[in-house]
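Heads up, model-v1.cif below (mmCIF, C-alpha atoms and all ligand atoms):
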```
data_upload
#
loop_
_atom_site.group_PDB
_atom_site.id
_atom_site.type_symbol
_atom_site.label_atom_id
_atom_site.label_comp_id
_atom_site.auth_asym_id
_atom_site.auth_seq_id
_atom_site.Cartn_x
_atom_site.Cartn_y
_atom_site.Cartn_z
ATOM 1 C CA MET A 1 -64.355 -19.460 -52.210
ATOM 2 C CA GLU A 2 -62.436 -16.237 -52.126
ATOM 3 C CA GLY A 3 -60.249 -15.565 -55.117
ATOM 4 C CA LYS A 4 -62.464 -17.434 -57.574
ATOM 5 C CA PRO A 5 -62.238 -15.466 -60.792
ATOM 6 C CA MET A 6 -65.489 -14.064 -62.207
ATOM 7 C CA ASN A 7 -64.366 -14.467 -65.796
ATOM 8 C CA ARG A 8 -63.009 -17.818 -66.866
ATOM 9 C CA LYS A 9 -59.276 -17.579 -66.768
ATOM 10 C CA PRO A 10 -57.166 -19.915 -68.860
ATOM 11 C CA LYS A 11 -56.445 -23.080 -66.928
ATOM 12 C CA MET A 12 -53.103 -24.535 -65.994
ATOM 13 C CA THR A 13 -51.633 -26.517 -68.875
ATOM 14 C CA ARG A 14 -51.759 -30.233 -68.256
ATOM 15 C CA TYR A 15 -48.431 -31.968 -67.947
ATOM 16 C CA THR A 16 -48.791 -35.737 -67.641
ATOM 17 C CA LYS A 17 -46.418 -38.633 -67.091
ATOM 18 C CA LYS A 18 -46.461 -39.083 -70.860
ATOM 19 C CA HIS A 19 -45.190 -35.536 -71.367
ATOM 20 C CA PHE A 20 -42.553 -36.182 -68.735
ATOM 21 C CA ASP A 21 -41.267 -39.376 -70.342
ATOM 22 C CA PHE A 22 -41.141 -37.607 -73.680
ATOM 23 C CA GLN A 23 -39.291 -34.526 -72.406
ATOM 24 C CA PHE A 24 -36.885 -36.315 -70.029
ATOM 25 C CA PRO A 25 -36.233 -39.838 -71.325
ATOM 26 C CA ASP A 26 -32.737 -40.116 -69.796
ATOM 27 C CA ASP A 27 -30.094 -38.463 -67.603
ATOM 28 C CA ALA A 28 -28.406 -36.794 -70.578
ATOM 29 C CA THR A 29 -31.634 -34.953 -71.437
ATOM 30 C CA CYS A 30 -31.997 -33.746 -67.850
ATOM 31 C CA LEU A 31 -28.393 -32.551 -67.805
ATOM 32 C CA GLU A 32 -28.869 -30.801 -71.147
ATOM 33 C CA TRP A 33 -31.989 -29.082 -69.772
ATOM 34 C CA LEU A 34 -29.954 -27.873 -66.804
ATOM 35 C CA PHE A 35 -27.080 -26.708 -69.033
ATOM 36 C CA ARG A 36 -29.456 -24.789 -71.318
ATOM 37 C CA ARG A 37 -31.194 -23.270 -68.344
ATOM 38 C CA PHE A 38 -27.911 -21.816 -67.068
ATOM 39 C CA TYR A 39 -26.408 -21.114 -70.482
ATOM 40 C CA PRO A 40 -29.284 -20.486 -72.896
ATOM 41 C CA ASP A 41 -27.063 -19.862 -75.954
ATOM 42 C CA GLY A 42 -24.746 -22.776 -75.200
ATOM 43 C CA THR A 43 -21.730 -20.605 -74.457
ATOM 44 C CA VAL A 44 -20.101 -20.413 -71.055
ATOM 45 C CA PHE A 45 -17.622 -17.968 -69.595
ATOM 46 C CA CYS A 46 -14.489 -20.134 -69.464
ATOM 47 C CA ASP A 47 -12.280 -19.404 -66.459
ATOM 48 C CA LYS A 48 -9.179 -20.534 -68.291
ATOM 49 C CA CYS A 49 -9.774 -18.763 -71.614
ATOM 50 C CA GLN A 50 -11.257 -15.752 -69.769
ATOM 51 C CA LYS A 51 -14.010 -15.381 -72.363
ATOM 52 C CA GLN A 52 -17.343 -16.805 -73.545
ATOM 53 C CA THR A 53 -16.680 -20.029 -75.421
ATOM 54 C CA LYS A 54 -18.684 -22.842 -76.917
ATOM 55 C CA HIS A 55 -18.846 -25.944 -74.709
ATOM 56 C CA HIS A 56 -19.644 -29.536 -75.590
ATOM 57 C CA ARG A 57 -20.994 -32.446 -73.597
ATOM 58 C CA VAL A 58 -18.400 -34.768 -72.038
ATOM 59 C CA VAL A 59 -19.672 -38.268 -72.748
ATOM 60 C CA SER A 60 -18.185 -40.050 -69.736
ATOM 61 C CA ARG A 61 -19.051 -37.409 -67.119
ATOM 62 C CA PRO A 62 -21.965 -35.161 -66.188
ATOM 63 C CA SER A 63 -20.097 -32.100 -67.394
ATOM 64 C CA TYR A 64 -19.486 -29.830 -70.372
ATOM 65 C CA SER A 65 -16.071 -28.947 -71.695
ATOM 66 C CA CYS A 66 -14.640 -25.815 -73.339
ATOM 67 C CA ASP A 67 -14.112 -26.320 -77.100
ATOM 68 C CA TYR A 68 -10.728 -24.565 -76.915
ATOM 69 C CA CYS A 69 -9.004 -25.539 -73.671
ATOM 70 C CA GLY A 70 -11.017 -28.509 -72.369
ATOM 71 C CA HIS A 71 -11.919 -26.828 -69.069
ATOM 72 C CA HIS A 72 -14.985 -28.464 -67.453
ATOM 73 C CA VAL A 73 -18.191 -26.967 -66.067
ATOM 74 C CA HIS A 74 -20.734 -28.951 -64.072
ATOM 75 C CA PRO A 75 -24.303 -27.747 -64.551
ATOM 76 C CA THR A 76 -25.269 -29.540 -61.316
ATOM 77 C CA ALA A 77 -22.842 -27.451 -59.230
ATOM 78 C CA ASP A 78 -24.581 -25.608 -56.383
ATOM 79 C CA THR A 79 -27.953 -27.052 -57.314
ATOM 80 C CA ILE A 80 -29.901 -29.607 -55.293
ATOM 81 C CA PHE A 81 -28.302 -32.309 -57.482
ATOM 82 C CA HIS A 82 -24.780 -31.353 -56.462
ATOM 83 C CA LYS A 83 -22.700 -34.471 -55.721
ATOM 84 C CA SER A 84 -25.834 -36.606 -55.522
ATOM 85 C CA PRO A 85 -25.339 -40.226 -56.612
ATOM 86 C CA THR A 86 -29.045 -40.415 -57.519
ATOM 87 C CA PRO A 87 -29.640 -40.281 -61.291
ATOM 88 C CA LEU A 88 -30.982 -36.988 -62.616
ATOM 89 C CA THR A 89 -34.029 -38.692 -64.142
ATOM 90 C CA THR A 90 -34.979 -39.936 -60.656
ATOM 91 C CA TRP A 91 -34.596 -36.430 -59.286
ATOM 92 C CA PHE A 92 -36.646 -34.927 -62.098
ATOM 93 C CA TYR A 93 -39.301 -37.584 -61.649
ATOM 94 C CA ALA A 94 -39.503 -36.882 -57.906
ATOM 95 C CA ILE A 95 -39.957 -33.205 -58.726
ATOM 96 C CA TYR A 96 -42.668 -34.156 -61.213
ATOM 97 C CA LEU A 97 -44.449 -36.207 -58.530
ATOM 98 C CA MET A 98 -44.288 -33.424 -55.974
ATOM 99 C CA ALA A 99 -45.539 -30.863 -58.482
ATOM 100 C CA SER A 100 -48.377 -33.062 -59.692
ATOM 101 C CA THR A 101 -50.281 -33.285 -56.440
ATOM 102 C CA ARG A 102 -52.429 -30.557 -55.009
ATOM 103 C CA CYS A 103 -52.069 -31.545 -51.398
ATOM 104 C CA GLY A 104 -48.539 -32.882 -51.264
ATOM 105 C CA ILE A 105 -47.095 -36.371 -51.171
ATOM 106 C CA SER A 106 -44.909 -38.200 -48.672
ATOM 107 C CA ALA A 107 -41.325 -39.385 -48.924
ATOM 108 C CA LYS A 108 -42.799 -42.874 -48.721
ATOM 109 C CA GLN A 109 -44.636 -42.300 -51.998
ATOM 110 C CA ILE A 110 -41.439 -41.045 -53.630
ATOM 111 C CA GLU A 111 -39.663 -44.163 -52.409
ATOM 112 C CA ARG A 112 -42.380 -46.344 -53.919
ATOM 113 C CA GLU A 113 -42.610 -44.519 -57.238
ATOM 114 C CA THR A 114 -38.915 -44.007 -57.924
ATOM 115 C CA GLY A 115 -37.428 -47.137 -56.371
ATOM 116 C CA VAL A 116 -34.830 -45.289 -54.239
ATOM 117 C CA THR A 117 -34.416 -46.088 -50.528
ATOM 118 C CA TYR A 118 -36.560 -44.278 -47.987
ATOM 119 C CA LYS A 119 -33.535 -42.352 -46.743
ATOM 120 C CA THR A 120 -32.703 -41.132 -50.237
ATOM 121 C CA ALA A 121 -36.351 -40.315 -50.937
ATOM 122 C CA TRP A 122 -36.503 -38.281 -47.749
ATOM 123 C CA ARG A 123 -33.349 -36.354 -48.646
ATOM 124 C CA MET A 124 -34.596 -35.580 -52.153
ATOM 125 C CA PHE A 125 -37.928 -34.523 -50.751
ATOM 126 C CA LYS A 126 -36.219 -32.151 -48.323
ATOM 127 C CA GLN A 127 -33.951 -30.680 -50.987
ATOM 128 C CA ILE A 128 -36.732 -30.155 -53.495
ATOM 129 C CA ARG A 129 -38.855 -28.457 -50.884
ATOM 130 C CA MET A 130 -36.010 -26.114 -50.036
ATOM 131 C CA MET A 131 -36.140 -24.592 -53.480
ATOM 132 C CA LEU A 132 -39.772 -23.647 -53.014
ATOM 133 C CA ASP A 133 -39.335 -20.435 -51.134
ATOM 134 C CA ASP A 134 -41.267 -17.287 -51.980
ATOM 135 C CA GLU A 135 -39.780 -15.423 -49.010
ATOM 136 C CA ASN A 136 -38.531 -12.560 -51.135
ATOM 137 C CA GLY A 137 -41.853 -11.987 -52.861
ATOM 138 C CA ALA A 138 -43.543 -8.597 -52.802
ATOM 139 C CA PRO A 139 -45.557 -7.637 -49.704
ATOM 140 C CA PHE A 140 -49.341 -8.039 -49.849
ATOM 141 C CA GLY A 141 -52.250 -5.663 -50.068
ATOM 142 C CA GLY A 142 -52.005 -1.925 -50.450
ATOM 143 C CA LYS A 143 -54.486 0.640 -51.682
ATOM 144 C CA GLY A 144 -57.327 -0.720 -53.823
ATOM 145 C CA THR A 145 -56.646 -4.424 -53.142
ATOM 146 C CA LYS A 146 -59.287 -6.830 -51.882
ATOM 147 C CA GLY A 147 -57.872 -7.052 -48.391
ATOM 148 C CA VAL A 148 -55.482 -9.169 -46.409
ATOM 149 C CA GLU A 149 -56.437 -11.875 -43.908
ATOM 150 C CA ILE A 150 -54.179 -12.708 -40.979
ATOM 151 C CA ASP A 151 -54.582 -15.667 -38.688
ATOM 152 C CA GLU A 152 -52.626 -17.930 -36.358
ATOM 153 C CA THR A 153 -52.971 -21.621 -35.863
ATOM 154 C CA TYR A 154 -51.157 -24.541 -34.304
ATOM 155 C CA ILE A 155 -50.009 -27.337 -36.486
ATOM 156 C CA GLY A 156 -51.103 -30.474 -34.775
ATOM 157 C CA GLY A 157 -54.578 -29.031 -34.158
ATOM 158 C CA ARG A 158 -55.858 -25.754 -32.940
ATOM 159 C CA ARG A 159 -57.189 -25.769 -29.417
ATOM 160 C CA ARG A 160 -59.848 -23.248 -28.623
ATOM 161 C CA GLY A 161 -59.349 -21.674 -25.222
ATOM 162 C CA LEU A 162 -55.630 -22.303 -25.334
ATOM 163 C CA ARG A 163 -54.814 -19.846 -28.057
ATOM 164 C CA GLY A 164 -51.501 -18.121 -27.790
ATOM 165 C CA ARG A 165 -50.269 -20.401 -25.044
ATOM 166 C CA VAL A 166 -47.712 -23.113 -25.104
ATOM 167 C CA ASN A 167 -49.218 -26.551 -24.796
ATOM 168 C CA LEU A 168 -47.551 -27.741 -21.600
ATOM 169 C CA GLU A 169 -48.629 -31.312 -22.049
ATOM 170 C CA PHE A 170 -47.015 -31.660 -25.450
ATOM 171 C CA PRO A 171 -44.690 -28.683 -25.705
ATOM 172 C CA ASP A 172 -42.950 -30.021 -28.798
ATOM 173 C CA LYS A 173 -45.938 -31.298 -30.652
ATOM 174 C CA LYS A 174 -47.556 -28.040 -31.636
ATOM 175 C CA THR A 175 -45.825 -25.331 -33.535
ATOM 176 C CA PRO A 176 -47.507 -21.955 -33.822
ATOM 177 C CA VAL A 177 -47.952 -20.758 -37.384
ATOM 178 C CA VAL A 178 -48.906 -17.271 -38.512
ATOM 179 C CA GLY A 179 -50.408 -16.846 -41.959
ATOM 180 C CA VAL A 180 -51.001 -13.816 -44.146
ATOM 181 C CA VAL A 181 -53.022 -14.081 -47.334
ATOM 182 C CA GLU A 182 -54.123 -11.508 -49.855
ATOM 183 C CA ARG A 183 -57.647 -12.273 -51.024
ATOM 184 C CA GLY A 184 -57.453 -13.532 -54.583
ATOM 185 C CA GLY A 185 -53.664 -13.481 -54.307
ATOM 186 C CA SER A 186 -50.774 -15.077 -52.499
ATOM 187 C CA VAL A 187 -50.142 -16.535 -49.082
ATOM 188 C CA ARG A 188 -47.149 -16.612 -46.738
ATOM 189 C CA ALA A 189 -47.048 -18.746 -43.620
ATOM 190 C CA TYR A 190 -44.474 -18.613 -40.851
ATOM 191 C CA ALA A 191 -43.625 -21.245 -38.273
ATOM 192 C CA THR A 192 -43.006 -19.079 -35.212
ATOM 193 C CA LEU A 193 -41.920 -19.512 -31.608
ATOM 194 C CA ASP A 194 -45.129 -18.023 -30.250
ATOM 195 C CA THR A 195 -48.209 -16.000 -31.181
ATOM 196 C CA LYS A 196 -47.385 -13.002 -29.049
ATOM 197 C CA LYS A 197 -48.046 -9.439 -30.109
ATOM 198 C CA ASP A 198 -44.485 -8.640 -31.184
ATOM 199 C CA THR A 199 -44.265 -11.753 -33.318
ATOM 200 C CA ILE A 200 -47.560 -11.229 -35.109
ATOM 201 C CA MET A 201 -47.255 -7.468 -35.473
ATOM 202 C CA GLY A 202 -43.713 -7.935 -36.782
ATOM 203 C CA ILE A 203 -45.003 -10.205 -39.518
ATOM 204 C CA ILE A 204 -47.850 -7.841 -40.372
ATOM 205 C CA LYS A 205 -45.529 -4.861 -40.689
ATOM 206 C CA GLU A 206 -43.141 -6.804 -42.874
ATOM 207 C CA ARG A 207 -45.737 -8.510 -45.087
ATOM 208 C CA VAL A 208 -48.686 -6.134 -45.346
ATOM 209 C CA LEU A 209 -48.458 -2.840 -47.183
ATOM 210 C CA PRO A 210 -49.885 0.320 -45.629
ATOM 211 C CA GLN A 211 -53.363 1.329 -46.890
ATOM 212 C CA SER A 212 -54.506 -2.301 -46.730
ATOM 213 C CA THR A 213 -57.783 -3.521 -45.309
ATOM 214 C CA VAL A 214 -56.890 -6.189 -42.779
ATOM 215 C CA PHE A 215 -59.232 -8.982 -41.630
ATOM 216 C CA THR A 216 -58.585 -10.963 -38.457
ATOM 217 C CA ASP A 217 -60.560 -12.764 -35.790
ATOM 218 C CA ASP A 218 -60.968 -11.468 -32.240
ATOM 219 C CA TYR A 219 -57.721 -12.826 -30.799
ATOM 220 C CA CYS A 220 -56.475 -10.138 -28.402
ATOM 221 C CA VAL A 221 -53.123 -9.635 -30.100
ATOM 222 C CA TYR A 222 -54.851 -7.923 -33.021
ATOM 223 C CA ASP A 223 -56.032 -5.183 -30.628
ATOM 224 C CA ASP A 224 -52.673 -3.641 -31.350
ATOM 225 C CA LEU A 225 -53.803 -2.802 -34.881
ATOM 226 C CA LYS A 226 -55.779 0.088 -33.439
ATOM 227 C CA HIS A 227 -52.452 1.818 -32.885
ATOM 228 C CA HIS A 228 -51.871 1.564 -36.614
ATOM 229 C CA ARG A 229 -55.098 3.136 -37.840
ATOM 230 C CA ASN A 230 -53.251 5.361 -40.246
ATOM 231 C CA GLU A 231 -51.738 2.359 -41.965
ATOM 232 C CA TYR A 232 -54.432 -0.314 -41.839
ATOM 233 C CA THR A 233 -58.203 -0.483 -41.859
ATOM 234 C CA HIS A 234 -58.936 -3.317 -39.467
ATOM 235 C CA HIS A 235 -62.057 -5.518 -39.454
ATOM 236 C CA ARG A 236 -62.440 -8.442 -37.115
ATOM 237 C CA ILE A 237 -64.822 -11.342 -36.939
ATOM 238 C CA ASN A 238 -66.007 -12.547 -33.559
ATOM 239 C CA HIS A 239 -64.955 -16.188 -33.679
ATOM 240 C CA SER A 240 -65.276 -16.592 -29.904
ATOM 241 C CA GLN A 241 -68.985 -15.712 -30.327
ATOM 242 C CA LYS A 242 -69.204 -18.330 -33.083
ATOM 243 C CA VAL A 243 -69.674 -15.700 -35.769
ATOM 244 C CA TYR A 244 -67.749 -16.542 -38.923
ATOM 245 C CA VAL A 245 -68.957 -14.300 -41.718
ATOM 246 C CA VAL A 246 -70.500 -10.837 -41.710
ATOM 247 C CA GLY A 247 -70.631 -9.448 -45.247
ATOM 248 C CA ASN A 248 -67.074 -9.516 -46.477
ATOM 249 C CA ILE A 249 -65.678 -9.742 -42.958
ATOM 250 C CA HIS A 250 -64.252 -13.215 -42.449
ATOM 251 C CA THR A 251 -60.990 -15.128 -42.409
ATOM 252 C CA ASN A 252 -62.183 -17.998 -44.598
ATOM 253 C CA THR A 253 -59.398 -17.605 -47.154
ATOM 254 C CA ILE A 254 -56.628 -18.231 -44.661
ATOM 255 C CA GLU A 255 -58.726 -20.916 -42.905
ATOM 256 C CA GLY A 256 -59.008 -22.652 -46.290
ATOM 257 C CA PHE A 257 -55.242 -22.599 -46.607
ATOM 258 C CA TRP A 258 -54.849 -24.046 -43.099
ATOM 259 C CA SER A 259 -57.126 -26.970 -44.026
ATOM 260 C CA LEU A 260 -55.029 -27.617 -47.113
ATOM 261 C CA VAL A 261 -51.827 -27.728 -45.048
ATOM 262 C CA LYS A 262 -53.330 -29.792 -42.234
ATOM 263 C CA ASN A 263 -54.929 -32.318 -44.551
ATOM 264 C CA GLY A 264 -51.616 -32.714 -46.340
ATOM 265 C CA LEU A 265 -49.662 -33.177 -43.138
ATOM 266 C CA ARG A 266 -52.142 -35.514 -41.499
ATOM 267 C CA GLY A 267 -50.736 -38.975 -41.084
ATOM 268 C CA VAL A 268 -47.399 -38.022 -42.603
ATOM 269 C CA TYR A 269 -45.562 -36.941 -39.486
ATOM 270 C CA HIS A 270 -46.287 -37.362 -35.816
ATOM 271 C CA SER A 271 -44.321 -34.371 -34.768
ATOM 272 C CA VAL A 272 -42.885 -31.765 -37.034
ATOM 273 C CA GLY A 273 -40.022 -29.554 -35.900
ATOM 274 C CA LYS A 274 -40.047 -25.852 -36.646
ATOM 275 C CA PRO A 275 -37.519 -25.712 -39.532
ATOM 276 C CA TYR A 276 -39.091 -28.765 -41.045
ATOM 277 C CA LEU A 277 -42.565 -27.363 -40.736
ATOM 278 C CA GLN A 278 -41.395 -24.138 -42.378
ATOM 279 C CA SER A 279 -40.233 -25.993 -45.461
ATOM 280 C CA TYR A 280 -43.624 -27.737 -45.583
ATOM 281 C CA LEU A 281 -45.394 -24.408 -45.328
ATOM 282 C CA ASN A 282 -43.216 -23.094 -48.133
ATOM 283 C CA GLU A 283 -44.176 -26.005 -50.348
ATOM 284 C CA TYR A 284 -47.899 -25.512 -49.768
ATOM 285 C CA SER A 285 -47.632 -21.760 -50.216
ATOM 286 C CA PHE A 286 -45.630 -22.172 -53.407
ATOM 287 C CA ARG A 287 -48.350 -24.344 -54.926
ATOM 288 C CA TYR A 288 -51.173 -22.141 -53.655
ATOM 289 C CA ASN A 289 -49.513 -18.998 -55.009
ATOM 290 C CA ARG A 290 -49.417 -20.477 -58.507
ATOM 291 C CA ARG A 291 -52.921 -21.902 -58.598
ATOM 292 C CA PHE A 292 -54.021 -19.533 -61.368
ATOM 293 C CA ASP A 293 -50.880 -20.000 -63.497
ATOM 294 C CA VAL A 294 -51.156 -21.324 -67.040
ATOM 295 C CA GLN A 295 -47.633 -22.743 -66.924
ATOM 296 C CA PRO A 296 -47.666 -26.316 -65.558
ATOM 297 C CA MET A 297 -46.728 -26.606 -61.880
ATOM 298 C CA PHE A 298 -43.901 -28.935 -62.870
ATOM 299 C CA THR A 299 -42.331 -26.143 -64.938
ATOM 300 C CA SER A 300 -42.592 -23.762 -61.976
ATOM 301 C CA PHE A 301 -40.910 -26.366 -59.760
ATOM 302 C CA LEU A 302 -38.168 -27.025 -62.323
ATOM 303 C CA ASN A 303 -37.434 -23.348 -62.775
ATOM 304 C CA GLN A 304 -36.634 -23.121 -59.069
ATOM 305 C CA ILE A 305 -33.666 -25.450 -59.580
ATOM 306 C CA THR A 306 -31.599 -22.656 -60.993
ATOM 307 C CA LYS A 307 -32.056 -20.498 -57.922
ATOM 308 C CA ARG A 308 -28.616 -21.688 -56.907
ATOM 309 C CA ASP A 309 -28.123 -19.115 -54.167
ATOM 310 C CA ALA A 310 -31.287 -20.131 -52.375
ATOM 311 C CA VAL A 311 -30.223 -23.754 -52.234
ATOM 312 C CA VAL A 312 -26.710 -23.033 -51.059
ATOM 313 C CA ARG A 313 -27.902 -20.605 -48.424
ATOM 314 C CA SER A 314 -30.523 -22.856 -46.871
ATOM 315 C CA ALA A 315 -28.837 -26.225 -47.192
ATOM 316 C CA PRO A 316 -27.913 -27.168 -43.591
ATOM 317 C CA ALA A 317 -31.207 -26.134 -41.980
ATOM 318 C CA VAL A 318 -33.079 -29.362 -41.416
ATOM 319 C CA GLN A 319 -32.541 -32.239 -39.047
ATOM 320 C CA GLU A 320 -33.208 -35.673 -40.409
ATOM 321 C CA PRO A 321 -35.613 -38.048 -38.687
ATOM 322 C CA PHE A 322 -33.392 -41.131 -38.786
HETATM 323 ZN ZN ZN A 401 -11.569 -22.579 -72.271
#
```
Take the structure in the file and write it out as structure tokens.
Ligand SMILES: [Zn+2]
Amino acid sequence: MEGKPMNRKPKMTRYTKKHFDFQFPDDATCLEWLFRRFYPDGTVFCDKCQKQTKHHRVVSRPSYSCDYCGHHVHPTADTIFHKSPTPLTTWFYAIYLMASTRCGISAKQIERETGVTYKTAWRMFKQIRMMLDDENGAPFGGKGTKGVEIDETYIGGRRRGLRGRVNLEFPDKKTPVVGVVERGGSVRAYATLDTKKDTIMGIIKERVLPQSTVFTDDYCVYDDLKHHRNEYTHHRINHSQKVYVVGNIHTNTIEGFWSLVKNGLRGVYHSVGKPYLQSYLNEYSFRYNRRFDVQPMFTSFLNQITKRDAVVRSAPAVQEPF
């Protein structure tokens, strides 16, 4: 598979249920983790005192209080835990579960493992996934990189011969998705309205640096790349002639990512709306993009919690299936 390192790289550190129980035995520990994450030295800028002051844990509430004036801060404010009646340990455990699987788990599994209702499990699932957004990551490729593969697919199954068209029989069941992956590097996938030239070229221009070698199949939309010869070196593989690999010309890396996403989604949802699908794609990309990390996936997931802005910005996006 593309991206397999020649030299043995250090593997991702194992983080088991035992580690989890040891690190987060109760809600207070989770809250303390959150507090320390926001305020590493334990001091907080107190609005009332108008300066950095030491804060202490308030026993009866999930908050910390200024040593001088008693003003409260809530470490859960503007995070995915904000105003949630679900205990923090349950949240953290759900995050652990989601981070511990390679191909994703369902809300049903979270319900089973954590003992919350399905509705709650689904909400947690949605919120956790919303933190997993690499949207602002650096663009891919550029001079001297291994090349960038671009491909489109339809979630719900790709139909040969119908590429680029809306499925009139089930117009809502298939959502077009455009993916860009740097060989040996990261992936981004976009749930789009269509797979027309402007859509795909727009994504390429935004995501792929000039001087990149670009690999696609023979879908007609990529013809447009010939107008960008100064920016991209374009190679295409003739999928319609059933040719899949010629030397290093192929789109197997992105196809591998599609299988990962489709296997994960299979049987979980009958129809997936566009915003919902996007958050799924983000989750799969997030995991894929950290596959060579030494830091446990759970730590990467947890660290996303403190991206407060991201959570606040994207909160109302998804419709619930109840
Ligand atoms: Zn104060």
Exercise answer, 10 Å around ligand ZN 401 (chain A) with only C-alpha atoms and all ligand atoms, as a ChimeraX atom specification: /A:44-55,65-72
Residues of region 20-112 of chain A at most 12 Å from region 280-294 of chain A: nearest atom pair and distance in Å, only C-alpha atoms, as a Markdown table:
```
| residue | atom | partner | partner_atom | distance |
| --- | --- | --- | --- | --- |
| A:Ile95 | CA | A:Glu283 | CA | 11.8 |
| A:Met98 | CA | A:Glu283 | CA | 9.3 |
| A:Ala99 | CA | A:Arg287 | CA | 7.9 |
| A:Ser100 | CA | A:Arg287 | CA | 9.9 |
| A:Thr101 | CA | A:Arg287 | CA | 9.3 |
| A:Arg102 | CA | A:Arg287 | CA | 7.4 |
| A:Cys103 | CA | A:Tyr284 | CA | 7.5 |
| A:Gly104 | CA | A:Tyr284 | CA | 7.5 |
| A:Ile105 | CA | A:Glu283 | CA | 10.8 |
| A:Ser106 | CA | A:Tyr280 | CA | 11.0 |
```
Residue subset to file, keeping C-alpha atoms, as a compact mmCIF listing (two decimals), keeping the file's coordinate frame:
```
# COMPACT_ATOMS: atom_id res chain seq x y z
CA ILE A 95 -39.96 -33.20 -58.73
CA MET A 98 -44.29 -33.42 -55.97
CA ALA A 99 -45.54 -30.86 -58.48
CA SER A 100 -48.38 -33.06 -59.69
CA THR A 101 -50.28 -33.28 -56.44
CA ARG A 102 -52.43 -30.56 -55.01
CA CYS A 103 -52.07 -31.54 -51.40
CA GLY A 104 -48.54 -32.88 -51.26
CA ILE A 105 -47.10 -36.37 -51.17
CA SER A 106 -44.91 -38.20 -48.67
```
Contacts of Ser212 (chain A) at 9 Å or less, counting all atoms listed in the file, minus same-chain residues fewer than 3 places along, as an NGL selection string? :A and (140-148 or 208-209 or 231-234)
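The shortest atom-to-atom distance to His82 (chain A), with only C-alpha atoms taken into account, belongs to A:Ile305 out of A:Ile305, A:Phe215, A:Tyr154, A:Cys220.
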Using the file's own x, y and z axes, what box holds all listed atoms of region 96-106 of chain A with 8 Å on each side, keeping edges along x, y and z, and what are its centre and edge lengths in Å to one decimal, as AutoDock Vina command-line options?
```
--center_x -47.5 --center_y -34.4 --center_z -54.9 --size_x 25.8 --size_y 23.6 --size_z 28.5
```
Evaluated on this file, the PyMOL selection byres (((chain A and resi 107) around 9) and not hetatm) picks out some residues - which ones are they, written as a PDB file with C-alpha atoms, keeping the file's coordinate frame?
```
ATOM      1  CA  ILE A 105     -47.095 -36.371 -51.171  1.00  0.00           C
ATOM      2  CA  SER A 106     -44.909 -38.200 -48.672  1.00  0.00           C
ATOM      3  CA  LYS A 108     -42.799 -42.874 -48.721  1.00  0.00           C
ATOM      4  CA  GLN A 109     -44.636 -42.300 -51.998  1.00  0.00           C
ATOM      5  CA  ILE A 110     -41.439 -41.045 -53.630  1.00  0.00           C
ATOM      6  CA  GLU A 111     -39.663 -44.163 -52.409  1.00  0.00           C
ATOM      7  CA  ARG A 112     -42.380 -46.344 -53.919  1.00  0.00           C
ATOM      8  CA  TYR A 118     -36.560 -44.278 -47.987  1.00  0.00           C
ATOM      9  CA  LYS A 119     -33.535 -42.352 -46.743  1.00  0.00           C
ATOM     10  CA  THR A 120     -32.703 -41.132 -50.237  1.00  0.00           C
ATOM     11  CA  ALA A 121     -36.351 -40.315 -50.937  1.00  0.00           C
ATOM     12  CA  TRP A 122     -36.503 -38.281 -47.749  1.00  0.00           C
ATOM     13  CA  ARG A 123     -33.349 -36.354 -48.646  1.00  0.00           C
ATOM     14  CA  MET A 124     -34.596 -35.580 -52.153  1.00  0.00           C
ATOM     15  CA  PHE A 125     -37.928 -34.523 -50.751  1.00  0.00           C
ATOM     16  CA  LYS A 126     -36.219 -32.151 -48.323  1.00  0.00           C
ATOM     17  CA  VAL A 268     -47.399 -38.022 -42.603  1.00  0.00           C
TER      18      VAL A 268
END
```
Which residue out of A:Asp194, A:Tyr222, A:Phe38, A:His235 has the minimum interatomic distance to Gly247 (chain A) when only C-alpha atoms are used? A:His235
Write out as a list of chain:residue names the residues lying within 7 Å of Thr175 (chain A), counting all atoms listed in the file and excluding same-chain residues fewer than 3 positions away.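 Counting all atoms listed in the file, the residues come to A:Tyr154, A:Ile155, A:Ala191, A:Lys274.
Here the PyMOL selection byres (((chain A and resi 192) around 10) and not hetatm) captures the residues Glu152, Tyr154, Thr175, Pro176, Val177, Val178, Ala189, Tyr190, Ala191, Leu193, Asp194, Thr195, Lys196, Thr199, Ile200, Lys274, Pro275, Leu277 and Gln278 of chain A.
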